[in-house]
Amino acid sequence: MSKMRAIQVPYAQGPFELVEREIPEPGVGTVRIKVEACGVCHSDSFTKEGTMPGIQYPRVPGHEVAGVIDAVGPQVTQWKPGQRVGVGWHGGHCGDCSSCRRGDFVACQVAPQVSGITLDGGYADYMIAPVGALALIPDELSAVEAGPLMCAGITTYNALRNSGARGGDVVAVHGIGGLGHLGIQFAAKMGFRTVAIARGKDKEALALKLGAHHYIDSAEQDPVAELTKLGGAKVILSTVTSGKAMSSVVGGLGVNGKLVVVGAADAPLEVSGLWLLSGRRSITGWPSGSAIDSQDTMAFSALTGVRSMSEIYPLDRAGEAYERMMSGKAQFRVVLTTGQA
Ligand SMILES: [Zn+2]
Ligand SMILES: [Zn+2]
């Protein structure tokens with residue numbers, strides 16, 4: 001009973017290894033979570049490929065964790081065993097730097113903790129998390145439903161709710177993948193005139209089913225012209241990973257419009273300075289959020305029926321699950337389950 005399974009990356013660009021480890025004991029200010037599900041995110045490649053400096057190996061990836069508190073460490077007063085919790089990208093913060101003193105924990109400059117990168121994450125039967133990283137899972141959501149909301153969900157939900165768009169505004173979601181299929185649902189449920197932009201006629205039916213009011217096939221139509229016909233977008237939420245593709249839609253912003261980037265683009269964006277200033281347009285990025293934002297994401301999803309479409313793999317097939325996610329062919333998130341639900 002004192003052993004658990006974990007999937008670790010032994011070194012940068014190493015293979016996923018299924019290993020047996022001691023079940024860890026929670027230290028001061030942390031809890032132990034019995035993991036039920038953990039989403040596989042593109043950012044897990046930072047750990048797998050070693051593309052983020054400073055990662056200490058071996059490391060267990062995973063920042064879309066859903067499970068149950070199983071034990072609490074010393075000085076934990078607000079959390080107890082049996083509570084269902086999720087853990088996302090934000091794995092803790094220092095509390096003392098200038099960002100933390102302003103309550104901007106995600107932008108912590110001194111000791112930002114990231115699940116699966118600076119701390120062992122959720123590709124395991126158990127994980128340890130600081131209390132600052134915990135989000136309560138509502139009863140309506142299963143662990144498999146909650147997992148992807150901890151990164152793909154919070155990122156799109158939090159970007160949209162902080163974008164300045166108001167009910168009825170034209171909001172475009174660029175790309176229909178792991179992030180985009182959630183972004184379309186959130187935008188529609190927030191009351192925006194929701195426009196889905198993707199390549200190919202075949203994605204139209206799905207986009208409309210997810211709640212989009214309009215579909216723009218960027219392979220056949222000019223997204224700039226189509227958005228302009230709708231009065232111009234107040235917000236374009238860009239979930240794609242191509243800088244060129246982002247540059248090709250930004251012209252669809254209306255006056256005071258904002259391009260919100262949540263996909264890590266492979267190349268710089270190209271945009272006219274005159275066009276930006278003449279219409280007070282802007283380009284900004286958005287990084288997920290803190291634990292309470294994750295909790296809000298899940299509460300909103302429970303309330304409105306937003307759900308991730310996910311492919312499920314058992315924990316010991318993590319390597320296969322990761323390859324599937326990296327292939328870009330998954331419909332749409334990939335989630336590992338431990339069988340402990
Ligand atoms: Zn992620
Ligand atoms: Zn800090």
# chains A, B, ... in the order shown; residues from 1 in each chain; ligands from 1

call {"tool": "residues_around", "arguments": {"residues": "Tyr322 of chain A", "least_positions_apart": "6", "cutoff": "10 Å", "atoms": "only C-alpha atoms", "output": "list in words"}}
result
Phe16, Gly39, Val40, Cys41, His42, Asp44, Ser45, Lys48, Tyr313, Val334, Val335 and Leu336 of chain A

call {"tool": "residues_around", "arguments": {"residues": "Val195 of chain A", "least_positions_apart": "2", "cutoff": "10 Å", "atoms": "only C-alpha atoms", "output": "PyMOL selection string"}}
result
chain A and resi 170-174+184+187-188+192-193+197-198+207-208+211-216+226-227+230+233+236

call {"tool": "write_last_selection", "arguments": {"atoms": "N, CA and C atoms", "output": "PDB file, in the first residue's frame"}}
result
ATOM      1  N   VAL A 170     -19.486  40.679 -31.007  1.00  0.00           N
ATOM      2  CA  VAL A 170     -18.947  39.662 -31.921  1.00  0.00           C
ATOM      3  C   VAL A 170     -17.605  39.168 -31.374  1.00  0.00           C
ATOM      4  N   VAL A 171     -17.555  37.885 -31.061  1.00  0.00           N
ATOM      5  CA  VAL A 171     -16.324  37.273 -30.551  1.00  0.00           C
ATOM      6  C   VAL A 171     -15.987  36.080 -31.436  1.00  0.00           C
ATOM      7  N   ALA A 172     -14.800  36.109 -32.010  1.00  0.00           N
ATOM      8  CA  ALA A 172     -14.379  35.007 -32.871  1.00  0.00           C
ATOM      9  C   ALA A 172     -13.412  34.100 -32.115  1.00  0.00           C
ATOM     10  N   VAL A 173     -13.578  32.811 -32.319  1.00  0.00           N
ATOM     11  CA  VAL A 173     -12.630  31.844 -31.768  1.00  0.00           C
ATOM     12  C   VAL A 173     -11.911  31.226 -32.959  1.00  0.00           C
ATOM     13  N   HIS A 174     -10.605  31.421 -32.994  1.00  0.00           N
ATOM     14  CA  HIS A 174      -9.790  30.997 -34.131  1.00  0.00           C
ATOM     15  C   HIS A 174      -9.146  29.656 -33.817  1.00  0.00           C
ATOM     16  N   ILE A 184     -15.188  28.040 -27.990  1.00  0.00           N
ATOM     17  CA  ILE A 184     -16.463  28.275 -28.686  1.00  0.00           C
ATOM     18  C   ILE A 184     -17.628  28.104 -27.708  1.00  0.00           C
ATOM     19  N   ALA A 187     -17.655  31.042 -25.181  1.00  0.00           N
ATOM     20  CA  ALA A 187     -18.076  32.300 -25.804  1.00  0.00           C
ATOM     21  C   ALA A 187     -19.588  32.311 -26.003  1.00  0.00           C
ATOM     22  N   ALA A 188     -20.135  31.189 -26.491  1.00  0.00           N
ATOM     23  CA  ALA A 188     -21.574  31.121 -26.734  1.00  0.00           C
ATOM     24  C   ALA A 188     -22.340  31.224 -25.414  1.00  0.00           C
ATOM     25  N   PHE A 192     -21.975  35.874 -26.186  1.00  0.00           N
ATOM     26  CA  PHE A 192     -21.358  36.599 -27.297  1.00  0.00           C
ATOM     27  C   PHE A 192     -21.888  36.055 -28.627  1.00  0.00           C
ATOM     28  N   ARG A 193     -21.926  36.933 -29.651  1.00  0.00           N
ATOM     29  CA  ARG A 193     -22.198  36.444 -31.009  1.00  0.00           C
ATOM     30  C   ARG A 193     -20.930  35.717 -31.438  1.00  0.00           C
ATOM     31  N   ILE A 197     -13.698  30.132 -36.478  1.00  0.00           N
ATOM     32  CA  ILE A 197     -12.877  30.202 -37.698  1.00  0.00           C
ATOM     33  C   ILE A 197     -11.957  28.989 -37.718  1.00  0.00           C
ATOM     34  N   ALA A 198     -12.052  28.188 -38.777  1.00  0.00           N
ATOM     35  CA  ALA A 198     -11.156  27.040 -38.925  1.00  0.00           C
ATOM     36  C   ALA A 198     -11.017  26.736 -40.409  1.00  0.00           C
ATOM     37  N   ALA A 207     -18.718  22.982 -35.146  1.00  0.00           N
ATOM     38  CA  ALA A 207     -18.652  24.345 -34.600  1.00  0.00           C
ATOM     39  C   ALA A 207     -20.045  24.827 -34.212  1.00  0.00           C
ATOM     40  N   LEU A 208     -21.019  24.570 -35.078  1.00  0.00           N
ATOM     41  CA  LEU A 208     -22.382  25.015 -34.792  1.00  0.00           C
ATOM     42  C   LEU A 208     -22.962  24.234 -33.618  1.00  0.00           C
ATOM     43  N   GLY A 211     -22.020  25.576 -30.387  1.00  0.00           N
ATOM     44  CA  GLY A 211     -22.686  26.825 -30.017  1.00  0.00           C
ATOM     45  C   GLY A 211     -22.354  28.022 -30.874  1.00  0.00           C
ATOM     46  N   ALA A 212     -21.455  27.847 -31.862  1.00  0.00           N
ATOM     47  CA  ALA A 212     -21.106  28.985 -32.720  1.00  0.00           C
ATOM     48  C   ALA A 212     -22.341  29.431 -33.505  1.00  0.00           C
ATOM     49  N   HIS A 213     -22.467  30.755 -33.695  1.00  0.00           N
ATOM     50  CA  HIS A 213     -23.564  31.290 -34.492  1.00  0.00           C
ATOM     51  C   HIS A 213     -23.166  31.419 -35.956  1.00  0.00           C
ATOM     52  N   HIS A 214     -21.867  31.521 -36.197  1.00  0.00           N
ATOM     53  CA  HIS A 214     -21.348  31.671 -37.561  1.00  0.00           C
ATOM     54  C   HIS A 214     -20.113  30.789 -37.694  1.00  0.00           C
ATOM     55  N   TYR A 215     -19.886  30.323 -38.910  1.00  0.00           N
ATOM     56  CA  TYR A 215     -18.664  29.566 -39.177  1.00  0.00           C
ATOM     57  C   TYR A 215     -17.957  30.164 -40.374  1.00  0.00           C
ATOM     58  N   ILE A 216     -16.656  30.412 -40.239  1.00  0.00           N
ATOM     59  CA  ILE A 216     -15.858  30.904 -41.362  1.00  0.00           C
ATOM     60  C   ILE A 216     -14.826  29.839 -41.718  1.00  0.00           C
ATOM     61  N   GLU A 226     -15.218  38.440 -43.903  1.00  0.00           N
ATOM     62  CA  GLU A 226     -16.407  37.871 -43.242  1.00  0.00           C
ATOM     63  C   GLU A 226     -16.648  38.525 -41.882  1.00  0.00           C
ATOM     64  N   LEU A 227     -15.582  38.759 -41.105  1.00  0.00           N
ATOM     65  CA  LEU A 227     -15.754  39.420 -39.796  1.00  0.00           C
ATOM     66  C   LEU A 227     -16.187  40.874 -39.989  1.00  0.00           C
ATOM     67  N   LEU A 230     -19.774  41.335 -40.334  1.00  0.00           N
ATOM     68  CA  LEU A 230     -20.496  41.245 -39.053  1.00  0.00           C
ATOM     69  C   LEU A 230     -20.255  42.487 -38.180  1.00  0.00           C
ATOM     70  N   ALA A 233     -14.819  42.195 -35.298  1.00  0.00           N
ATOM     71  CA  ALA A 233     -14.825  41.460 -34.019  1.00  0.00           C
ATOM     72  C   ALA A 233     -14.390  42.366 -32.878  1.00  0.00           C
ATOM     73  N   ILE A 236     -10.942  38.575 -30.913  1.00  0.00           N
ATOM     74  CA  ILE A 236     -10.602  37.311 -31.584  1.00  0.00           C
ATOM     75  C   ILE A 236      -9.733  36.536 -30.606  1.00  0.00           C
TER      76      ILE A 236
END

call {"tool": "residues_near_ligand", "arguments": {"ligand": "ligand 1", "cutoff": "9 Å", "atoms": "only C-alpha atoms and all ligand atoms", "output": "ChimeraX atom specification"}}
result
/A:39-44,62-64,88-89,148,150-152,155,288

call {"tool": "write_last_selection", "arguments": {"atoms": "C-alpha atoms", "output": "CSV table (one decimal), in the first residue's frame"}}
result
chain,number,residue,atom,x,y,z
A,39,GLY,CA,-5.3,15.7,-19.0
A,40,VAL,CA,-2.4,15.5,-21.4
A,41,CYS,CA,-1.5,19.1,-22.6
A,42,HIS,CA,0.8,20.3,-25.3
A,43,SER,CA,2.8,22.2,-22.6
A,44,ASP,CA,3.7,18.8,-21.2
A,62,GLY,CA,0.8,16.7,-15.7
A,63,HIS,CA,-1.1,19.9,-14.9
A,64,GLU,CA,-4.7,19.0,-15.7
A,88,GLY,CA,-3.7,23.3,-13.0
A,89,TRP,CA,-0.6,25.0,-14.4
A,148,PRO,CA,-9.1,19.4,-19.2
A,150,MET,CA,-7.8,22.9,-15.4
A,151,CYS,CA,-5.7,24.1,-18.3
A,152,ALA,CA,-7.5,24.3,-21.7
A,155,THR,CA,-7.2,29.5,-20.3
A,288,SER,CA,-4.4,30.5,-17.7

call {"tool": "residues_around", "arguments": {"residues": "segment 31-34 of chain A", "least_positions_apart": "4", "cutoff": "10 Å", "atoms": "only C-alpha atoms", "output": "PyMOL selection string"}}
result
chain A and resi 23-27+65-74+76+79-87+122+124-131+133-134+338+340-341

call {"tool": "closest_atom_pairs", "arguments": {"of": "chain A", "to": "ligand 2", "cutoff": "6 Å", "atoms": "only C-alpha atoms and all ligand atoms", "output": "Markdown table"}}
result
| residue | atom | partner | partner_atom_place_in_ligand_line | distance |
| --- | --- | --- | --- | --- |
| A:His93 | CA | ligand 2 | 1 (Zn) | 5.1 |
| A:Cys94 | CA | ligand 2 | 1 (Zn) | 4.0 |
| A:Gly95 | CA | ligand 2 | 1 (Zn) | 4.9 |
| A:Asp96 | CA | ligand 2 | 1 (Zn) | 5.3 |
| A:Cys97 | CA | ligand 2 | 1 (Zn) | 4.1 |
| A:Ser99 | CA | ligand 2 | 1 (Zn) | 5.8 |
| A:Cys100 | CA | ligand 2 | 1 (Zn) | 4.4 |
| A:Cys108 | CA | ligand 2 | 1 (Zn) | 3.6 |
| A:Gln109 | CA | ligand 2 | 1 (Zn) | 5.2 |
| A:Val110 | CA | ligand 2 | 1 (Zn) | 5.1 |
| A:Ala111 | CA | ligand 2 | 1 (Zn) | 5.9 |

call {"tool": "write_last_selection", "arguments": {"atoms": "N, CA and C atoms", "output": "mmCIF file, in the first residue's frame"}}
result
data_model
loop_
_atom_site.group_PDB
_atom_site.id
_atom_site.type_symbol
_atom_site.label_atom_id
_atom_site.label_comp_id
_atom_site.auth_asym_id
_atom_site.auth_seq_id
_atom_site.Cartn_x
_atom_site.Cartn_y
_atom_site.Cartn_z
ATOM 1 N N HIS A 93 2.824 29.899 -5.430
ATOM 2 C CA HIS A 93 3.484 31.192 -5.611
ATOM 3 C C HIS A 93 4.144 31.601 -4.300
ATOM 4 N N CYS A 94 5.022 32.625 -4.353
ATOM 5 C CA CYS A 94 5.817 32.952 -3.162
ATOM 6 C C CYS A 94 5.034 33.748 -2.128
ATOM 7 N N GLY A 95 4.099 34.591 -2.576
ATOM 8 C CA GLY A 95 3.311 35.398 -1.646
ATOM 9 C C GLY A 95 3.952 36.720 -1.266
ATOM 10 N N ASP A 96 5.223 36.919 -1.635
ATOM 11 C CA ASP A 96 5.949 38.105 -1.166
ATOM 12 C C ASP A 96 6.434 39.054 -2.265
ATOM 13 N N CYS A 97 6.538 38.596 -3.503
ATOM 14 C CA CYS A 97 7.103 39.461 -4.553
ATOM 15 C C CYS A 97 6.080 40.544 -4.928
ATOM 16 N N SER A 99 4.410 41.116 -7.665
ATOM 17 C CA SER A 99 3.193 40.590 -8.317
ATOM 18 C C SER A 99 2.275 39.928 -7.299
ATOM 19 N N CYS A 100 2.849 39.092 -6.431
ATOM 20 C CA CYS A 100 2.023 38.410 -5.429
ATOM 21 C C CYS A 100 1.374 39.414 -4.484
ATOM 22 N N CYS A 108 3.800 35.538 -10.470
ATOM 23 C CA CYS A 108 4.834 35.501 -9.418
ATOM 24 C C CYS A 108 6.229 35.481 -10.055
ATOM 25 N N GLN A 109 7.084 36.374 -9.568
ATOM 26 C CA GLN A 109 8.406 36.523 -10.187
ATOM 27 C C GLN A 109 9.506 35.775 -9.432
ATOM 28 N N VAL A 110 9.216 35.339 -8.200
ATOM 29 C CA VAL A 110 10.276 34.770 -7.373
ATOM 30 C C VAL A 110 10.253 33.240 -7.352
ATOM 31 N N ALA A 111 9.117 32.681 -7.016
ATOM 32 C CA ALA A 111 9.055 31.218 -6.925
ATOM 33 C C ALA A 111 7.757 30.698 -7.531
#

call {"tool": "select_by_dssp", "arguments": {"residues": "segment 129-311 of chain A", "states": "strand (DSSP E)", "output": "PyMOL selection string"}}
result
chain A and resi 129-130+135-136+170-174+193-198+214-217+233-238+253-261+282-285+310-311

call {"tool": "residues_around", "arguments": {"residues": "Thr304 of chain A", "least_positions_apart": "3", "cutoff": "9 Å", "atoms": "only C-alpha atoms", "output": "list in words"}}
result
Phe186, Lys189, Ala299, Phe300 and Ser301 of chain A

call {"tool": "select_by_dssp", "arguments": {"residues": "segment 3-106 of chain A", "states": "alpha helix (DSSP H)", "output": "ChimeraX atom specification"}}
result
/A:45-49,98-101

call {"tool": "write_last_selection", "arguments": {"atoms": "N, CA and C atoms", "output": "JSON list (two decimals), in the first residue's frame"}}
result
[["chain", "number", "residue", "atom", "x", "y", "z"],
["A", 45, "SER", "N", 5.05, 19.00, -23.20],
["A", 45, "SER", "CA", 6.26, 18.82, -24.01],
["A", 45, "SER", "C", 7.44, 19.61, -23.44],
["A", 46, "PHE", "N", 7.17, 20.64, -22.63],
["A", 46, "PHE", "CA", 8.28, 21.36, -21.98],
["A", 46, "PHE", "C", 9.09, 20.38, -21.12],
["A", 47, "THR", "N", 8.36, 19.52, -20.40],
["A", 47, "THR", "CA", 9.01, 18.54, -19.53],
["A", 47, "THR", "C", 9.61, 17.40, -20.35],
["A", 48, "LYS", "N", 8.83, 16.92, -21.30],
["A", 48, "LYS", "CA", 9.27, 15.78, -22.11],
["A", 48, "LYS", "C", 10.50, 16.15, -22.93],
["A", 49, "GLU", "N", 10.48, 17.31, -23.55],
["A", 49, "GLU", "CA", 11.56, 17.69, -24.47],
["A", 49, "GLU", "C", 12.63, 18.57, -23.81],
["A", 98, "SER", "N", 6.48, 41.49, -5.76],
["A", 98, "SER", "CA", 5.57, 42.60, -6.05],
["A", 98, "SER", "C", 4.30, 42.12, -6.77],
["A", 99, "SER", "N", 4.41, 41.12, -7.67],
["A", 99, "SER", "CA", 3.19, 40.59, -8.32],
["A", 99, "SER", "C", 2.27, 39.93, -7.30],
["A", 100, "CYS", "N", 2.85, 39.09, -6.43],
["A", 100, "CYS", "CA", 2.02, 38.41, -5.43],
["A", 100, "CYS", "C", 1.37, 39.41, -4.48],
["A", 101, "ARG", "N", 2.14, 40.47, -4.11],
["A", 101, "ARG", "CA", 1.57, 41.47, -3.21],
["A", 101, "ARG", "C", 0.41, 42.21, -3.86]]

call {"tool": "closest_residue", "arguments": {"among": "A:Ala143, A:Val250, A:Val240, A:Ala205", "to": "Gly183 of chain A", "atoms": "only C-alpha atoms"}}
result
A:Val240

call {"tool": "residues_around", "arguments": {"residues": "segment 289-291 of chain A", "least_positions_apart": "2", "cutoff": "7 Å", "atoms": "only C-alpha atoms", "output": "list in words"}}
result
His90, Phe105, Val106, Gly132, Ala133, Leu134, Ala135, Ile154, Thr155, Asn158, Pro287, Asp293, Ser294 and Gln295 of chain A

call {"tool": "residues_around", "arguments": {"residues": "Ala219 of chain A", "least_positions_apart": "2", "cutoff": "6 Å", "atoms": "only C-alpha atoms", "output": "PDB file with C-alpha atoms, in the first residue's frame"}}
result
ATOM      1  CA  ARG A 199      -9.877  25.462 -42.114  1.00  0.00           C
ATOM      2  CA  GLY A 200     -12.276  23.228 -44.036  1.00  0.00           C
ATOM      3  CA  ASP A 217     -13.959  28.361 -43.448  1.00  0.00           C
TER       4      ASP A 217
END

call {"tool": "atom_distance", "arguments": {"atom1": "atom CA of Arg161 of chain A", "atom2": "atom CA of Gly263 of chain A"}}
result
17.0 Å

call {"tool": "atom_distance", "arguments": {"atom1": "atom CA of Gln8 of chain A", "atom2": "atom CA of Tyr57 of chain A"}}
result
8.5 Å

call {"tool": "decode", "arguments": {"residues": "segment 164-187 of chain A", "atoms": "N, CA and C atoms", "output": "short mmCIF file (atom, residue, chain, number, x, y, z; two decimals), in the first residue's frame"}}
result
data_model
loop_
_atom_site.label_atom_id
_atom_site.label_comp_id
_atom_site.auth_asym_id
_atom_site.auth_seq_id
_atom_site.Cartn_x
_atom_site.Cartn_y
_atom_site.Cartn_z
N GLY A 164 -13.04 42.02 -21.99
CA GLY A 164 -13.76 43.28 -22.16
C GLY A 164 -14.98 43.14 -23.06
N ALA A 165 -15.15 41.98 -23.71
CA ALA A 165 -16.34 41.76 -24.55
C ALA A 165 -17.58 41.70 -23.65
N ARG A 166 -18.71 42.23 -24.17
CA ARG A 166 -19.95 42.19 -23.42
C ARG A 166 -20.99 41.39 -24.19
N GLY A 167 -22.05 40.98 -23.51
CA GLY A 167 -23.10 40.17 -24.14
C GLY A 167 -23.51 40.76 -25.47
N GLY A 168 -23.59 39.93 -26.50
CA GLY A 168 -23.99 40.39 -27.82
C GLY A 168 -22.85 40.82 -28.72
N ASP A 169 -21.68 41.08 -28.16
CA ASP A 169 -20.53 41.46 -28.97
C ASP A 169 -20.08 40.30 -29.88
N VAL A 170 -19.49 40.68 -31.01
CA VAL A 170 -18.95 39.66 -31.92
C VAL A 170 -17.61 39.17 -31.37
N VAL A 171 -17.55 37.88 -31.06
CA VAL A 171 -16.32 37.27 -30.55
C VAL A 171 -15.99 36.08 -31.44
N ALA A 172 -14.80 36.11 -32.01
CA ALA A 172 -14.38 35.01 -32.87
C ALA A 172 -13.41 34.10 -32.11
N VAL A 173 -13.58 32.81 -32.32
CA VAL A 173 -12.63 31.84 -31.77
C VAL A 173 -11.91 31.23 -32.96
N HIS A 174 -10.60 31.42 -32.99
CA HIS A 174 -9.79 31.00 -34.13
C HIS A 174 -9.15 29.66 -33.82
N GLY A 175 -9.53 28.63 -34.58
CA GLY A 175 -9.00 27.28 -34.35
C GLY A 175 -9.99 26.43 -33.58
N ILE A 176 -10.21 25.20 -34.04
CA ILE A 176 -11.09 24.27 -33.32
C ILE A 176 -10.25 23.06 -32.94
N GLY A 177 -9.61 23.14 -31.78
CA GLY A 177 -8.82 22.01 -31.28
C GLY A 177 -9.10 21.90 -29.79
N GLY A 178 -8.09 21.47 -29.04
CA GLY A 178 -8.25 21.30 -27.60
C GLY A 178 -8.72 22.58 -26.91
N LEU A 179 -8.12 23.71 -27.26
CA LEU A 179 -8.52 24.99 -26.67
C LEU A 179 -9.77 25.52 -27.35
N GLY A 180 -9.77 25.52 -28.68
CA GLY A 180 -10.84 26.16 -29.44
C GLY A 180 -12.21 25.53 -29.21
N HIS A 181 -12.27 24.21 -29.08
CA HIS A 181 -13.60 23.59 -28.93
C HIS A 181 -14.22 23.96 -27.60
N LEU A 182 -13.37 24.29 -26.60
CA LEU A 182 -13.89 24.81 -25.33
C LEU A 182 -14.18 26.30 -25.45
N GLY A 183 -13.30 27.04 -26.13
CA GLY A 183 -13.48 28.48 -26.30
C GLY A 183 -14.81 28.81 -26.99
N ILE A 184 -15.19 28.04 -27.99
CA ILE A 184 -16.46 28.27 -28.69
C ILE A 184 -17.63 28.10 -27.71
N GLN A 185 -17.56 27.02 -26.91
CA GLN A 185 -18.65 26.79 -25.95
C GLN A 185 -18.74 27.92 -24.92
N PHE A 186 -17.57 28.32 -24.38
CA PHE A 186 -17.59 29.40 -23.38
C PHE A 186 -18.13 30.70 -23.97
N ALA A 187 -17.65 31.04 -25.18
CA ALA A 187 -18.08 32.30 -25.80
C ALA A 187 -19.59 32.31 -26.00
#
